[in-house]
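Inspection log for the structure reproduced underneath, given as structure tokens.
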Amino acid sequence: MAKKPDTSTRIADNKKAAYNYAFEEKFEAGMVLQGWEVKALREGKVQLTDGYVVIKNGELFVIGCQINPLKTASTHVNPDAVRTKKLLMHKDEIRRLIGKVEQKGYTLVPLNLHWKAGKVKCEIALAKGKGEHDKRATIKDREGKREVERAMKSRHR
């Protein structure tokens, strides 16, 4: 029997990112991981909310992405939960991102981790930080949507 192709499934989301940043562009990058990290990701032992992406020597690295090791992690490996992980992208895409990030106000933020064809991918966004008034508008929109959903739900009963 042939194996079904692996569809894209989410591992973790950075829900804080949409609240704190306005996204300009989104990119998908591969991740360099160790074996114990992949096993922990399969179990969902990851936290992305404090993560951010930095550029060093023309390479992308995600910092603050915490992957908690499983209790059954290998005995010959010392797992580091907050290890800096390298992101893999095409060189021309990285150059374009470097040019954008050097502009005032732009930053790179990890949005989510997901599986794609058996590999772990990290979706990153080129983003600008929101001001306090923008955050209030986001809360107001969210509350408005909630009210509409409540009204629709009560109407259907």
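All residue names refer to the structure tokens as shown: chains lettered A, B, ... in order, residues numbered from 1 in each chain, ligands numbered from 1 in order.
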Which of chain A DSSP labels strand (DSSP E or B), written as an MDAnalysis selection string:
chainID A and resid 9:13 21:31 46:47 52:56 59:63 66:67 85:88 106:116 119:129
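For range 68-72 of chain A, the list of residues within 8 Å, based on only C-alpha atoms and with local chain neighbours fewer than 4 positions off taken out, reads Trp36, Glu37, Lys39, Ala40, Lys45, Val46, Pro79, Asp80 and Ala81 of chain A.
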To one decimal in Å, tell me the separation between CA of Lys26 in chain A and CA of Val38 in chain A.
23.5 Å
Quick one: everything within 9 Å of Glu123 in chain A, counting only C-alpha atoms, minus sequence neighbours fewer than 2 positions away in the same chain. Send it as a ChimeraX atom specification.
/A:26-30,109-114,121,125
Go ahead and save the residues from that selection, with N, CA, C and O atoms, as a compact mmCIF listing (two decimals), in the first residue's frame.
```txt
# COMPACT_ATOMS: atom_id res chain seq x y z
N LYS A 26 5.09 37.22 4.29
CA LYS A 26 5.33 35.96 5.00
C LYS A 26 6.24 35.08 4.16
O LYS A 26 6.15 35.06 2.93
N PHE A 27 7.12 34.34 4.84
CA PHE A 27 8.06 33.43 4.19
C PHE A 27 8.06 32.09 4.91
O PHE A 27 7.73 32.02 6.10
N GLU A 28 8.47 31.05 4.20
CA GLU A 28 8.59 29.74 4.80
C GLU A 28 10.07 29.35 4.78
O GLU A 28 10.73 29.47 3.75
N ALA A 29 10.57 28.90 5.92
CA ALA A 29 11.97 28.51 6.04
C ALA A 29 12.07 27.14 6.67
O ALA A 29 11.28 26.79 7.54
N GLY A 30 13.07 26.38 6.26
CA GLY A 30 13.36 25.11 6.89
C GLY A 30 14.10 25.36 8.19
O GLY A 30 14.63 26.44 8.42
N VAL A 109 9.67 37.93 12.56
CA VAL A 109 8.97 37.27 13.66
C VAL A 109 8.56 35.87 13.22
O VAL A 109 7.98 35.72 12.14
N PRO A 110 8.83 34.83 14.04
CA PRO A 110 8.31 33.50 13.70
C PRO A 110 6.81 33.42 13.99
O PRO A 110 6.37 33.81 15.06
N LEU A 111 6.03 32.95 13.01
CA LEU A 111 4.57 32.87 13.18
C LEU A 111 4.12 31.49 13.63
O LEU A 111 3.29 31.36 14.51
N ASN A 112 4.66 30.45 13.00
CA ASN A 112 4.27 29.10 13.39
C ASN A 112 5.30 28.09 12.94
O ASN A 112 6.16 28.38 12.11
N LEU A 113 5.21 26.90 13.51
CA LEU A 113 5.99 25.74 13.08
C LEU A 113 5.00 24.74 12.53
O LEU A 113 3.93 24.55 13.10
N HIS A 114 5.32 24.12 11.40
CA HIS A 114 4.43 23.13 10.82
C HIS A 114 5.22 22.07 10.08
O HIS A 114 6.38 22.26 9.75
N LYS A 121 8.95 23.07 9.11
CA LYS A 121 9.10 24.38 8.49
C LYS A 121 8.68 25.44 9.48
O LYS A 121 7.79 25.22 10.31
N ALA A 125 7.56 36.13 9.35
CA ALA A 125 6.95 37.30 8.74
C ALA A 125 7.85 38.51 8.89
O ALA A 125 8.48 38.70 9.93
```
Who sits within 12 Å of range 92-96 of chain A, only C-alpha atoms, same chain under 6 positions skipped, as a VMD selection string
chain A and resid 25 to 29 53 to 61 102 to 103 108 124 126
Output file for the residues above (N, CA and C atoms, as a tab-separated table (two decimals), in the first residue's frame):
```
chain	number	residue	atom	x	y	z
A	25	GLU	N	5.03	40.79	4.83
A	25	GLU	CA	5.23	39.62	3.96
A	25	GLU	C	5.47	38.39	4.82
A	26	LYS	N	5.09	37.22	4.29
A	26	LYS	CA	5.33	35.96	5.00
A	26	LYS	C	6.24	35.08	4.16
A	27	PHE	N	7.12	34.34	4.84
A	27	PHE	CA	8.06	33.43	4.19
A	27	PHE	C	8.06	32.09	4.91
A	28	GLU	N	8.47	31.05	4.20
A	28	GLU	CA	8.59	29.74	4.80
A	28	GLU	C	10.07	29.35	4.78
A	29	ALA	N	10.57	28.90	5.92
A	29	ALA	CA	11.97	28.51	6.04
A	29	ALA	C	12.07	27.14	6.67
A	53	VAL	N	13.57	36.36	15.18
A	53	VAL	CA	14.55	35.95	14.19
A	53	VAL	C	15.62	37.03	14.06
A	54	VAL	N	16.89	36.60	14.07
A	54	VAL	CA	18.00	37.53	13.88
A	54	VAL	C	18.82	37.09	12.67
A	55	ILE	N	19.55	38.06	12.11
A	55	ILE	CA	20.41	37.77	10.96
A	55	ILE	C	21.85	37.95	11.41
A	56	LYS	N	22.65	36.87	11.28
A	56	LYS	CA	24.08	36.91	11.62
A	56	LYS	C	24.86	36.36	10.44
A	57	ASN	N	25.81	37.10	9.95
A	57	ASN	CA	26.69	36.67	8.86
A	57	ASN	C	25.90	36.15	7.65
A	58	GLY	N	24.82	36.82	7.32
A	58	GLY	CA	24.03	36.43	6.15
A	58	GLY	C	23.22	35.15	6.35
A	59	GLU	N	23.01	34.74	7.61
A	59	GLU	CA	22.20	33.55	7.91
A	59	GLU	C	21.12	33.94	8.91
A	60	LEU	N	20.00	33.22	8.85
A	60	LEU	CA	18.88	33.49	9.75
A	60	LEU	C	18.91	32.51	10.92
A	61	PHE	N	18.64	33.02	12.12
A	61	PHE	CA	18.57	32.19	13.31
A	61	PHE	C	17.34	32.58	14.10
A	102	GLU	N	17.01	46.16	7.58
A	102	GLU	CA	17.85	47.32	7.86
A	102	GLU	C	17.06	48.62	7.79
A	103	GLN	N	15.89	48.59	7.12
A	103	GLN	CA	15.02	49.77	7.12
A	103	GLN	C	14.46	49.96	8.52
A	108	LEU	N	11.86	40.57	11.96
A	108	LEU	CA	11.43	39.23	11.53
A	108	LEU	C	10.87	38.48	12.73
A	124	ILE	N	7.89	32.60	8.84
A	124	ILE	CA	8.33	33.85	9.44
A	124	ILE	C	7.68	35.01	8.68
A	126	LEU	N	7.88	39.31	7.83
A	126	LEU	CA	8.51	40.61	7.89
A	126	LEU	C	7.44	41.53	8.47
```
